[in-house]
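Here is the file protein21.cif (mmCIF, C-alpha atoms).
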data_work
loop_
_atom_site.label_atom_id
_atom_site.label_comp_id
_atom_site.auth_asym_id
_atom_site.auth_seq_id
_atom_site.Cartn_x
_atom_site.Cartn_y
_atom_site.Cartn_z
CA MET S 232 -20.00 43.03 34.21
CA ASP S 233 -19.74 42.47 30.47
CA ALA S 234 -22.67 41.04 28.54
CA PRO S 235 -22.86 37.22 28.82
CA LEU S 236 -20.90 35.17 26.31
CA SER S 237 -23.00 33.05 24.01
CA THR S 238 -22.73 29.26 24.16
CA PRO S 239 -20.36 27.83 21.49
CA CYS S 240 -22.32 25.82 18.94
CA ASN S 241 -21.82 23.72 15.81
CA ILE S 242 -18.64 22.10 17.11
CA GLN S 243 -16.55 20.60 14.28
CA ILE S 244 -13.50 18.34 14.46
CA CYS S 245 -11.13 18.08 11.48
CA GLU S 246 -7.59 17.06 10.47
CA VAL S 247 -7.52 14.23 13.00
CA THR S 248 -4.24 12.29 13.39
CA CYS S 249 -3.05 9.76 15.96
CA ASP S 250 -2.14 12.51 18.44
CA SER S 251 -3.72 15.77 17.23
CA PHE S 252 -6.84 17.36 15.85
CA ARG S 253 -8.28 20.76 14.97
CA ILE S 254 -11.48 22.09 16.50
CA MET S 255 -13.74 24.95 15.52
CA TRP S 256 -17.17 26.26 16.46
CA ASP S 257 -19.55 29.11 15.72
CA MET S 258 -19.28 32.32 17.74
CA THR S 259 -20.99 35.66 17.38
CA PRO S 260 -18.83 38.46 15.95
CA GLU S 261 -19.02 40.22 19.32
CA ASP S 262 -17.78 37.14 21.22
CA THR S 263 -15.01 36.58 18.68
CA THR S 264 -13.74 40.05 19.50
CA ARG S 265 -14.17 39.78 23.28
CA ALA S 266 -13.01 36.21 24.08
CA THR S 267 -9.48 36.02 25.46
CA HIS S 268 -9.33 32.29 26.24
CA PHE S 269 -10.79 28.95 25.22
CA PHE S 270 -11.33 26.07 27.64
CA ILE S 271 -11.25 22.57 26.09
CA ASP S 272 -12.69 19.70 28.12
CA LEU S 273 -11.30 16.48 26.64
CA SER S 274 -11.80 12.96 27.99
CA ARG S 275 -11.77 9.37 26.78
CA LYS S 276 -15.21 8.15 25.85
CA GLU S 277 -14.86 4.94 27.83
CA CYS S 278 -14.38 6.93 31.03
CA GLY S 279 -18.11 7.62 31.18
CA ASP S 280 -19.37 11.16 31.40
CA PRO S 281 -16.84 13.73 30.19
CA ASN S 282 -14.98 15.51 32.95
CA ARG S 283 -16.25 18.91 33.91
CA PHE S 284 -14.40 21.75 35.57
CA LYS S 285 -14.84 21.57 39.31
CA HIS S 286 -15.24 25.35 39.35
CA ARG S 287 -16.29 27.40 36.39
CA ASP S 288 -13.32 29.74 36.81
CA VAL S 289 -10.67 27.09 37.59
CA PRO S 290 -10.04 24.97 34.49
CA THR S 291 -8.74 21.45 35.07
CA LYS S 292 -8.23 20.55 31.39
CA LEU S 293 -6.81 22.51 28.46
CA VAL S 294 -6.64 26.28 28.57
CA ALA S 295 -5.57 28.24 25.51
CA LYS S 296 -5.41 31.86 24.59
CA ALA S 297 -8.02 32.72 21.99
CA VAL S 298 -6.70 32.15 18.48
CA PRO S 299 -8.33 32.15 15.04
CA LEU S 300 -10.32 28.98 14.50
CA PRO S 301 -9.84 26.11 13.78
CA MET S 302 -7.54 25.66 16.77
CA ALA S 303 -4.94 22.88 16.84
CA VAL S 304 -4.93 20.52 19.82
CA ARG S 305 -1.94 18.19 19.97
CA GLY S 306 0.15 16.31 22.46
CA HIS S 307 1.03 12.65 22.95
CA TRP S 308 0.89 13.12 26.72
CA PHE S 309 -2.91 13.16 26.62
CA LEU S 310 -3.92 11.86 23.18
CA SER S 311 -3.55 8.23 22.13
CA PRO S 312 -4.03 6.64 18.70
CA ARG S 313 -7.25 4.85 17.77
CA THR S 314 -9.07 6.13 20.84
CA GLU S 315 -12.56 7.57 21.16
CA TYR S 316 -12.78 10.95 22.89
CA CYS S 317 -15.47 13.36 24.06
CA VAL S 318 -14.83 17.08 23.77
CA ALA S 319 -16.69 20.24 24.79
CA VAL S 320 -15.62 23.89 24.67
CA GLN S 321 -16.19 27.04 26.62
CA THR S 322 -15.16 30.60 25.78
CA ALA S 323 -13.92 33.00 28.41
CA ILE S 324 -12.88 36.59 29.07
CA ARG S 325 -10.06 37.07 31.53
CA GLN S 326 -10.90 39.84 34.01
CA PRO S 327 -8.40 42.35 35.45
CA ASP S 328 -8.48 40.49 38.78
CA GLY S 329 -7.48 37.21 37.10
CA GLU S 330 -10.95 35.66 37.26
CA TYR S 331 -12.79 34.50 34.13
CA GLN S 332 -16.17 35.36 32.76
CA VAL S 333 -17.21 32.19 30.94
CA SER S 334 -19.85 30.97 28.55
CA GLU S 335 -21.99 27.90 29.07
CA TRP S 336 -20.44 24.62 27.95
CA SER S 337 -21.06 23.59 24.38
CA GLN S 338 -22.65 20.29 23.52
CA VAL S 339 -20.34 17.27 23.78
CA VAL S 340 -18.90 15.98 20.48
CA GLU S 341 -17.35 12.54 20.02
CA PHE S 342 -14.49 11.63 17.68
CA SER S 343 -11.75 9.03 17.27
CA THR S 344 -8.03 9.58 16.76
CA GLY S 345 -6.27 7.86 13.88
CA ASP S 346 -3.58 5.25 13.28
CA TYR S 347 0.13 5.92 13.14
CA ALA S 348 0.98 7.80 9.97
CA MET S 349 3.89 6.78 7.77
CA GLU S 350 6.19 9.24 9.56
CA HIS S 351 5.45 7.60 12.93
CA LEU S 352 6.07 4.12 11.54
CA GLN S 353 9.36 5.35 10.12
CA GLN S 354 10.34 6.44 13.64
CA LEU S 355 9.47 2.96 14.92
CA LEU S 356 11.40 1.41 12.03
CA ASP S 357 14.48 3.49 12.88
CA LYS S 358 14.30 2.34 16.50
CA ALA S 359 13.80 -1.29 15.49
CA THR S 360 16.79 -1.11 13.18
CA GLY S 361 18.99 -0.25 16.15
CA SER S 362 17.87 -3.39 17.96
CA ALA S 363 17.85 -5.90 15.09
CA GLY S 364 21.37 -7.33 15.47
CA ARG S 365 23.19 -9.36 12.85
CA LEU S 366 21.52 -11.52 10.21
CA LEU S 367 21.34 -15.32 10.57
CA LYS S 368 20.46 -17.81 7.84
CA PHE S 369 17.24 -19.79 8.00
CA SER S 370 15.40 -22.13 5.66
CA VAL S 371 11.79 -22.49 6.86
CA PHE S 372 8.92 -20.45 8.19
CA TYR S 373 6.94 -22.21 10.88
CA ARG S 374 3.64 -21.92 12.72
CA ASN S 375 2.67 -23.67 15.96
CA GLN S 376 -0.92 -24.58 16.78
CA HIS S 377 -2.95 -27.20 18.65
CA PRO S 378 -4.12 -30.40 16.90
CA GLU S 379 -7.68 -29.07 16.79
CA TYR S 380 -6.56 -26.17 14.59
CA PHE S 381 -4.98 -28.38 11.95
CA ASP S 382 -7.93 -30.79 12.10
CA PHE S 383 -10.27 -27.85 11.43
CA VAL S 384 -8.12 -26.62 8.53
CA ARG S 385 -8.23 -30.04 6.89
CA ARG S 386 -11.90 -30.70 7.58
CA GLU S 387 -13.53 -27.28 7.10
CA CYS S 388 -11.08 -25.19 5.03
CA GLY S 389 -10.01 -27.56 2.30
CA GLY S 390 -6.48 -27.76 3.71
CA LEU S 391 -5.98 -23.97 3.54
CA MET S 392 -4.79 -21.95 6.54
CA ARG S 393 -6.98 -18.92 5.97
CA PRO S 394 -6.03 -15.38 7.01
CA ALA S 395 -7.51 -14.20 10.33
CA LEU S 396 -7.97 -10.64 11.55
CA LYS S 397 -4.88 -9.27 13.27
CA ASP S 398 -5.52 -8.69 16.98
CA CYS S 399 -4.65 -5.55 18.96
CA SER S 400 -1.29 -6.71 20.31
CA GLY S 401 1.72 -4.43 20.05
CA SER S 402 1.58 -0.68 19.43
CA HIS S 403 -1.95 0.63 19.75
CA GLY S 404 -1.48 2.86 16.69
CA SER S 405 -0.26 0.20 14.24
CA PRO S 406 -2.44 0.46 11.10
CA ILE S 407 -2.77 -3.33 10.77
CA ASN S 408 -4.34 -3.93 14.19
CA SER S 409 -7.94 -5.17 13.81
CA LYS S 410 -7.82 -4.25 10.10
CA LEU S 411 -5.52 -6.59 8.19
CA HIS S 412 -6.07 -10.33 7.79
CA GLY S 413 -3.17 -12.76 7.66
CA VAL S 414 -1.56 -15.99 8.83
CA PHE S 415 1.23 -15.53 11.39
CA PHE S 416 4.57 -17.32 11.02
CA SER S 417 7.88 -17.33 12.84
CA CYS S 418 11.34 -17.79 11.39
CA ASN S 419 13.75 -17.17 14.29
CA THR S 420 16.37 -19.84 14.87
CA GLU S 421 18.53 -20.77 17.86
CA PHE S 422 22.14 -19.63 17.90
CA ASP S 423 23.62 -23.01 18.70
CA THR S 424 21.65 -25.18 16.27
CA GLY S 425 20.51 -22.84 13.50
CA LEU S 426 17.10 -24.51 13.84
CA PRO S 427 13.74 -23.20 15.12
CA SER S 428 13.23 -23.29 18.88
CA ARG S 429 11.96 -26.59 20.25
CA ASP S 430 9.47 -24.72 22.48
CA SER S 431 6.33 -22.73 21.68
CA PRO S 432 3.48 -21.11 23.63
CA TYR S 433 1.06 -21.64 20.75
CA GLY S 434 0.71 -25.42 20.56
CA PRO S 435 2.53 -28.77 20.30
CA LEU S 436 2.24 -29.16 16.52
CA ARG S 437 4.40 -27.17 14.12
CA PHE S 438 3.79 -26.50 10.45
CA HIS S 439 7.02 -26.00 8.47
CA ILE S 440 7.08 -24.46 5.00
CA PRO S 441 10.16 -23.79 2.83
CA ALA S 442 11.10 -20.12 3.14
CA GLY S 443 10.93 -19.55 -0.61
CA ARG S 444 7.20 -20.31 -0.67
CA LEU S 445 6.49 -17.15 1.36
CA LEU S 446 9.52 -14.97 0.65
CA ASN S 447 10.48 -14.44 -2.99
CA PRO S 448 10.58 -11.69 -5.65
CA ASN S 449 6.79 -11.89 -6.08
CA ILE S 450 6.24 -10.80 -2.47
CA SER S 451 6.11 -7.29 -0.99
CA LEU S 452 7.70 -6.90 2.45
CA TYR S 453 6.45 -4.27 4.92
CA PHE S 454 7.39 -3.11 8.42
CA ALA S 455 4.34 -2.90 10.71
CA ASP S 456 5.39 -2.64 14.37
CA PHE S 457 8.10 -2.74 17.04
CA TYR S 458 7.17 -3.45 20.65
CA CYS S 459 7.89 -5.28 23.91
CA MET S 460 5.77 -6.67 26.73
CA TYR S 461 7.64 -5.49 29.83
CA THR S 462 10.54 -7.75 28.86
CA ALA S 463 14.12 -7.29 27.74
CA TYR S 464 13.49 -8.76 24.29
CA HIS S 465 11.57 -7.02 21.53
CA TYR S 466 9.24 -8.02 18.73
CA VAL S 467 9.20 -6.78 15.13
CA VAL S 468 6.04 -7.34 13.10
CA LEU S 469 6.52 -7.73 9.34
CA VAL S 470 3.93 -8.24 6.62
CA LEU S 471 4.48 -10.43 3.55
CA ALA S 472 1.91 -9.73 0.83
CA PRO S 473 1.88 -11.19 -2.70
CA VAL S 474 2.42 -8.35 -5.16
CA GLY S 475 -0.90 -6.93 -6.32
CA SER S 476 -2.94 -8.81 -3.71
CA GLU S 477 -5.57 -7.28 -1.46
CA GLY S 478 -3.06 -7.30 1.40
CA ASP S 479 -0.48 -5.53 -0.76
CA THR S 480 -3.04 -2.88 -1.72
CA PHE S 481 -3.89 -2.31 1.95
CA CYS S 482 -0.27 -2.05 3.10
CA ARG S 483 1.26 0.04 0.33
CA PRO S 484 -0.10 3.47 1.43
CA ARG S 485 0.07 2.69 5.16
CA LEU S 486 3.32 0.84 5.93
CA PRO S 487 7.01 1.38 5.09
CA MET S 488 8.07 -1.05 2.35
CA LEU S 489 11.37 -2.86 2.85
CA ASP S 490 13.86 -3.96 0.20
CA LEU S 491 13.83 -7.76 0.09
CA ALA S 492 17.59 -7.94 -0.42
CA SER S 493 18.67 -5.18 1.94
CA ASN S 494 16.92 -4.56 5.26
CA PRO S 495 17.79 -5.28 8.92
CA PHE S 496 15.08 -7.88 9.61
CA LEU S 497 14.28 -10.39 6.89
CA THR S 498 16.14 -10.80 3.58
CA TYR S 499 16.00 -12.78 0.36
CA THR S 500 19.17 -12.99 -1.73
CA GLU S 501 18.84 -14.34 -5.24
CA PRO S 502 21.17 -17.15 -6.40
CA HIS S 503 24.32 -15.96 -8.17
CA ARG S 504 24.67 -19.03 -10.39
CA PRO S 505 22.35 -21.58 -11.97
CA GLY S 506 21.65 -24.45 -9.62
CA GLU S 507 22.28 -22.40 -6.47
CA GLU S 508 19.56 -21.81 -3.87
CA PRO S 509 18.38 -18.40 -2.60
CA VAL S 510 19.70 -17.33 0.79
CA PHE S 511 17.23 -16.31 3.52
CA CYS S 512 18.26 -14.42 6.68
CA HIS S 513 16.51 -13.14 9.80
CA ALA S 514 17.51 -10.62 12.47
CA SER S 515 19.14 -12.26 15.46
CA ASP S 516 18.31 -9.88 18.31
CA VAL S 517 14.55 -9.39 17.86
CA ILE S 518 11.67 -11.85 17.63
CA LEU S 519 10.05 -11.64 14.21
CA GLU S 520 6.29 -12.03 13.81
CA VAL S 521 5.61 -12.46 10.10
CA LEU S 522 2.08 -11.98 8.81
CA PHE S 523 1.38 -13.56 5.40
CA THR S 524 -1.76 -12.04 3.90
CA ASP S 525 -2.91 -14.88 1.61
CA PRO S 526 -4.15 -18.41 2.44
CA VAL S 527 -1.39 -20.99 2.87
CA PRO S 528 -2.02 -24.63 1.79
CA LEU S 529 -0.98 -27.28 4.28
CA ASP S 530 0.29 -29.45 1.44
CA GLN S 531 3.06 -26.92 0.75
CA GLY S 532 4.73 -27.94 4.01
CA SER S 533 4.61 -30.52 6.79
CA VAL S 534 3.18 -30.76 10.30
CA GLU S 535 5.29 -32.27 13.09
CA GLN S 536 5.24 -32.61 16.88
CA ILE S 537 7.73 -30.32 18.62
CA SER S 538 10.16 -31.88 21.06
CA GLY S 539 10.08 -29.07 23.63
CA HIS S 540 7.44 -27.43 25.80
CA HIS S 541 4.24 -25.99 24.39
CA GLN S 542 2.61 -24.44 27.47
CA LEU S 543 4.77 -21.34 27.85
CA MET S 544 1.66 -19.15 27.86
CA SER S 545 3.56 -16.23 29.42
CA LEU S 546 5.36 -15.88 26.08
CA THR S 547 2.27 -15.62 23.92
CA THR S 548 1.68 -12.23 22.28
CA ALA S 549 -2.07 -12.65 21.69
CA ASN S 550 -3.63 -9.24 22.43
CA ALA S 551 -0.48 -8.33 24.38
CA LYS S 552 -0.17 -4.70 25.41
CA LYS S 553 2.96 -2.74 24.67
CA ASP S 554 5.05 -1.46 27.57
CA PRO S 555 4.45 2.33 27.39
CA SER S 556 7.51 3.09 29.53
CA CYS S 557 10.12 1.33 27.37
CA LYS S 558 12.55 3.85 25.90
CA VAL S 559 13.76 1.38 23.28
CA CYS S 560 10.51 0.85 21.38
CA ASN S 561 8.32 3.88 22.09
CA ILE S 562 8.16 7.03 20.00
CA SER S 563 7.01 10.55 20.80
CA VAL S 564 3.36 10.02 19.89
CA GLY S 565 0.54 8.20 21.63
CA ARG S 566 1.34 4.59 22.47
#
Encoded form (structure tokens):
Amino acid sequence: MDAPLSTPCNIQICEVTCDSFRIMWDMTPEDTTRATHFFIDLSRKECGDPNRFKHRDVPTKLVAKAVPLPMAVRGHWFLSPRTEYCVAVQTAIRQPDGEYQVSEWSQVVEFSTGDYAMEHLQQLLDKATGSAGRLLKFSVFYRNQHPEYFDFVRRECGGLMRPALKDCSGSHGSPINSKLHGVFFSCNTEFDTGLPSRDSPYGPLRFHIPAGRLLNPNISLYFADFYCMYTAYHYVVLVLAPVGSEGDTFCRPRLPMLDLASNPFLTYTEPHRPGEEPVFCHASDVILEVLFTDPVPLDQGSVEQISGHHQLMSLTTANAKKDPSCKVCNISVGR
């Protein structure tokens, strides 16, 4: 029997992305020469104690041939974005009979994976483009809420709808989830009337604001997400941020920017002649969720009662989880 392998120590995690990381540890020169395999025990932190091999010589997690450290660990089939993990390592020498001589387990190290990178969001954007459909004209953005919300805005906020923290609905790896503040608006219209839907799951009162107040040449437009909730229809999340604002500064390095005049989802076309009005269009085949990153004064629009239903709670997207099996809106990284 060979001399025992020393226990790996000083575990370090680096170059973490939404679905990969590199890991390294300290080994003696003798073990570096002798080790033929590395065993990586990886588990989600919320699962309690990290999994352990049922038998020391029968790995149930990741097994890799020994390579120079740091070693890359990647794969969307077991790594998800924005998720806390526990990891421990073990070194091993494969014996002629196929058994392994193994070290003791290292200490457990915790780390978190990252958000979608720009390349992943571009993949989502490409998929969303294929589902957007033709462009339809619209004239107002709108936001449904309950009477208590608008009473609070008038009484406690000086008539300003203040940005709130984006929830975790949609793709788990979207960089805006639980990080960016904004006020959500809709702009989709019905095919037959060209007007906003009469129904809403968010409340019986609707705030309308002329489209040009939120979408104009002084606004940056960003793509943030594409998802569904086990349904046939899909949602596209867009961000509108005044140029140079805190929201614009947050989005610029993290989200794909869209051309206001030429994109598949939401467009602004400048007037061609004096006296003409700008033209605003939205995608017809996806539901747009538009996050405006600055406060919006109520006196820039009007609040009215909707004529349809307002208790369609099954349609609300608050903290809604994305369907991980949908081939239309998922990409080849963690969901």
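With all atoms listed in the file as the atoms that count, the minimum distance from Leu471 of chain S to the choices S:Ser515, S:Gln536, S:Thr524, S:Thr500 is reached by S:Thr524.
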Residues near Arg437 of chain S, anyone? I mean within 6 Å using only C-alpha atoms, not counting same-chain ones fewer than 5 positions away, as an MDAnalysis selection string. chainID S and resid 374:375 534:535
Any idea what the distance is between atom CA of Asn561 of chain S and atom CA of Ser417 of chain S?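 If I compute the distance from atom CA of Asn561 of chain S to atom CA of Ser417 of chain S, I get 23.1 Å.
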Shell around Thr424 of chain S at 12 Å using only C-alpha atoms, local window under 6 positions removed, as a ChimeraX atom specification: /S:367-369
Tell me, in Å to one decimal, how far atom CA of Ala319 of chain S is from atom CA of Ser563 of chain S.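 It comes out at 25.9 Å.
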Using the chain letters and numbers from the file, which residues does the PyMOL selection byres ((chain S and resi 459) around 12) grab, as a PyMOL selection string? chain S and resi 359+362+400-402+456-458+460-468+517-519+546-548+551-561+566
I need the residues from that last selection saved to file as a PDB file, in the frame of the given file (with C-alpha atoms), if you can.
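Listing of part-v5.pdb after writing:
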ATOM      1  CA  ALA S 359      13.800  -1.290  15.490  1.00  0.00           C
ATOM      2  CA  SER S 362      17.870  -3.390  17.960  1.00  0.00           C
ATOM      3  CA  SER S 400      -1.290  -6.710  20.310  1.00  0.00           C
ATOM      4  CA  GLY S 401       1.720  -4.430  20.050  1.00  0.00           C
ATOM      5  CA  SER S 402       1.580  -0.680  19.430  1.00  0.00           C
ATOM      6  CA  ASP S 456       5.390  -2.640  14.370  1.00  0.00           C
ATOM      7  CA  PHE S 457       8.100  -2.740  17.040  1.00  0.00           C
ATOM      8  CA  TYR S 458       7.170  -3.450  20.650  1.00  0.00           C
ATOM      9  CA  MET S 460       5.770  -6.670  26.730  1.00  0.00           C
ATOM     10  CA  TYR S 461       7.640  -5.490  29.830  1.00  0.00           C
ATOM     11  CA  THR S 462      10.540  -7.750  28.860  1.00  0.00           C
ATOM     12  CA  ALA S 463      14.120  -7.290  27.740  1.00  0.00           C
ATOM     13  CA  TYR S 464      13.490  -8.760  24.290  1.00  0.00           C
ATOM     14  CA  HIS S 465      11.570  -7.020  21.530  1.00  0.00           C
ATOM     15  CA  TYR S 466       9.240  -8.020  18.730  1.00  0.00           C
ATOM     16  CA  VAL S 467       9.200  -6.780  15.130  1.00  0.00           C
ATOM     17  CA  VAL S 468       6.040  -7.340  13.100  1.00  0.00           C
ATOM     18  CA  VAL S 517      14.550  -9.390  17.860  1.00  0.00           C
ATOM     19  CA  ILE S 518      11.670 -11.850  17.630  1.00  0.00           C
ATOM     20  CA  LEU S 519      10.050 -11.640  14.210  1.00  0.00           C
ATOM     21  CA  LEU S 546       5.360 -15.880  26.080  1.00  0.00           C
ATOM     22  CA  THR S 547       2.270 -15.620  23.920  1.00  0.00           C
ATOM     23  CA  THR S 548       1.680 -12.230  22.280  1.00  0.00           C
ATOM     24  CA  ALA S 551      -0.480  -8.330  24.380  1.00  0.00           C
ATOM     25  CA  LYS S 552      -0.170  -4.700  25.410  1.00  0.00           C
ATOM     26  CA  LYS S 553       2.960  -2.740  24.670  1.00  0.00           C
ATOM     27  CA  ASP S 554       5.050  -1.460  27.570  1.00  0.00           C
ATOM     28  CA  PRO S 555       4.450   2.330  27.390  1.00  0.00           C
ATOM     29  CA  SER S 556       7.510   3.090  29.530  1.00  0.00           C
ATOM     30  CA  CYS S 557      10.120   1.330  27.370  1.00  0.00           C
ATOM     31  CA  LYS S 558      12.550   3.850  25.900  1.00  0.00           C
ATOM     32  CA  VAL S 559      13.760   1.380  23.280  1.00  0.00           C
ATOM     33  CA  CYS S 560      10.510   0.850  21.380  1.00  0.00           C
ATOM     34  CA  ASN S 561       8.320   3.880  22.090  1.00  0.00           C
ATOM     35  CA  ARG S 566       1.340   4.590  22.470  1.00  0.00           C
TER      36      ARG S 566
END
Using the chain letters and numbering of this document, enumerate as a VMD selection string the residues selected by the PyMOL selection byres ((chain S and resi 438) around 12). chain S and resid 371 to 378 380 to 381 392 414 to 418 427 433 to 437 439 to 441 527 to 537
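Put simply, atom CA of Ser451 of chain S is 6.8 Å away from atom CA of Asp479 of chain S.
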List as a PDB file with C-alpha atoms, in the frame of the given file the protein and nucleic acid residues near segment 485-488 of chain S, meaning an atom at most 9 Å away when all atoms listed in the file are counted, but skip any in the same chain fewer than 4 places from it.
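result07.pdb was written with the following content:
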ATOM      1  CA  TYR S 347       0.130   5.920  13.140  1.00  0.00           C
ATOM      2  CA  ALA S 348       0.980   7.800   9.970  1.00  0.00           C
ATOM      3  CA  MET S 349       3.890   6.780   7.770  1.00  0.00           C
ATOM      4  CA  LEU S 352       6.070   4.120  11.540  1.00  0.00           C
ATOM      5  CA  GLN S 353       9.360   5.350  10.120  1.00  0.00           C
ATOM      6  CA  LEU S 356      11.400   1.410  12.030  1.00  0.00           C
ATOM      7  CA  PRO S 406      -2.440   0.460  11.100  1.00  0.00           C
ATOM      8  CA  ILE S 407      -2.770  -3.330  10.770  1.00  0.00           C
ATOM      9  CA  SER S 451       6.110  -7.290  -0.990  1.00  0.00           C
ATOM     10  CA  LEU S 452       7.700  -6.900   2.450  1.00  0.00           C
ATOM     11  CA  TYR S 453       6.450  -4.270   4.920  1.00  0.00           C
ATOM     12  CA  PHE S 454       7.390  -3.110   8.420  1.00  0.00           C
ATOM     13  CA  ALA S 455       4.340  -2.900  10.710  1.00  0.00           C
ATOM     14  CA  PHE S 481      -3.890  -2.310   1.950  1.00  0.00           C
TER      15      PHE S 481
END
Within 9 Å of (-9.2, 16.6, 15.0) in the file's own coordinates, which protein, DNA or RNA residues have an atom, counting only C-alpha atoms? List them as number ranges by chain. S: 243-248, 250-254, 303-305, 342-344
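Nearest residue to Cys512 of chain S, choosing from S:Pro473, S:Pro260, S:Pro495, S:Pro301 and counting all atoms listed in the file: S:Pro495.
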Residue with smallest distance to Asn494 of chain S - pool S:Asp357, S:Asp346, S:Asp328, S:Glu421, counting all atoms listed in the file: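 Of S:Asp357, S:Asp346, S:Asp328, S:Glu421, the one nearest Asn494 of chain S, counting all atoms listed in the file, is S:Asp357.
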Please determine an axis-aligned box that encloses all atoms of segment 408-412 of chain S listed in the file, with 8 Å added on each side, and express its centre and edge lengths in Å to one decimal as lines of an AutoDock Vina configuration file.
center_x = -6.1
center_y = -7.1
center_z = 11.0
size_x = 19.6
size_y = 22.4
size_z = 22.4
Can you tell me which residues surround His513 of chain S at a distance of at most 6 Å, considering only C-alpha atoms, apart from same-chain residues fewer than 3 positions away, and format the answer as an NGL selection string? :S and (366-367 or 496-497)
The PyMOL selection byres ((chain S and resi 412) around 8) resolved against shown file, as a ChimeraX atom specification: /S:394-397,410-411,413-414,478,524
Of the candidates S:Arg444, S:Ser237, S:Leu273, S:Cys249, which one gets nearest to Glu261 of chain S if we count all atoms listed in the file?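 Counting all atoms listed in the file, the residue closest to Glu261 of chain S is S:Ser237.
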So which one's closest to Gln338 of chain S, S:Pro239, S:Asp423, S:Ser370, S:Ala295? Using all atoms listed in the file, please. S:Pro239
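Among S:Thr498, S:Ser409, S:Ser431, S:Thr480, the residue with the shortest atom-to-atom distance to Pro448 of chain S, counting all atoms listed in the file, is S:Thr498.
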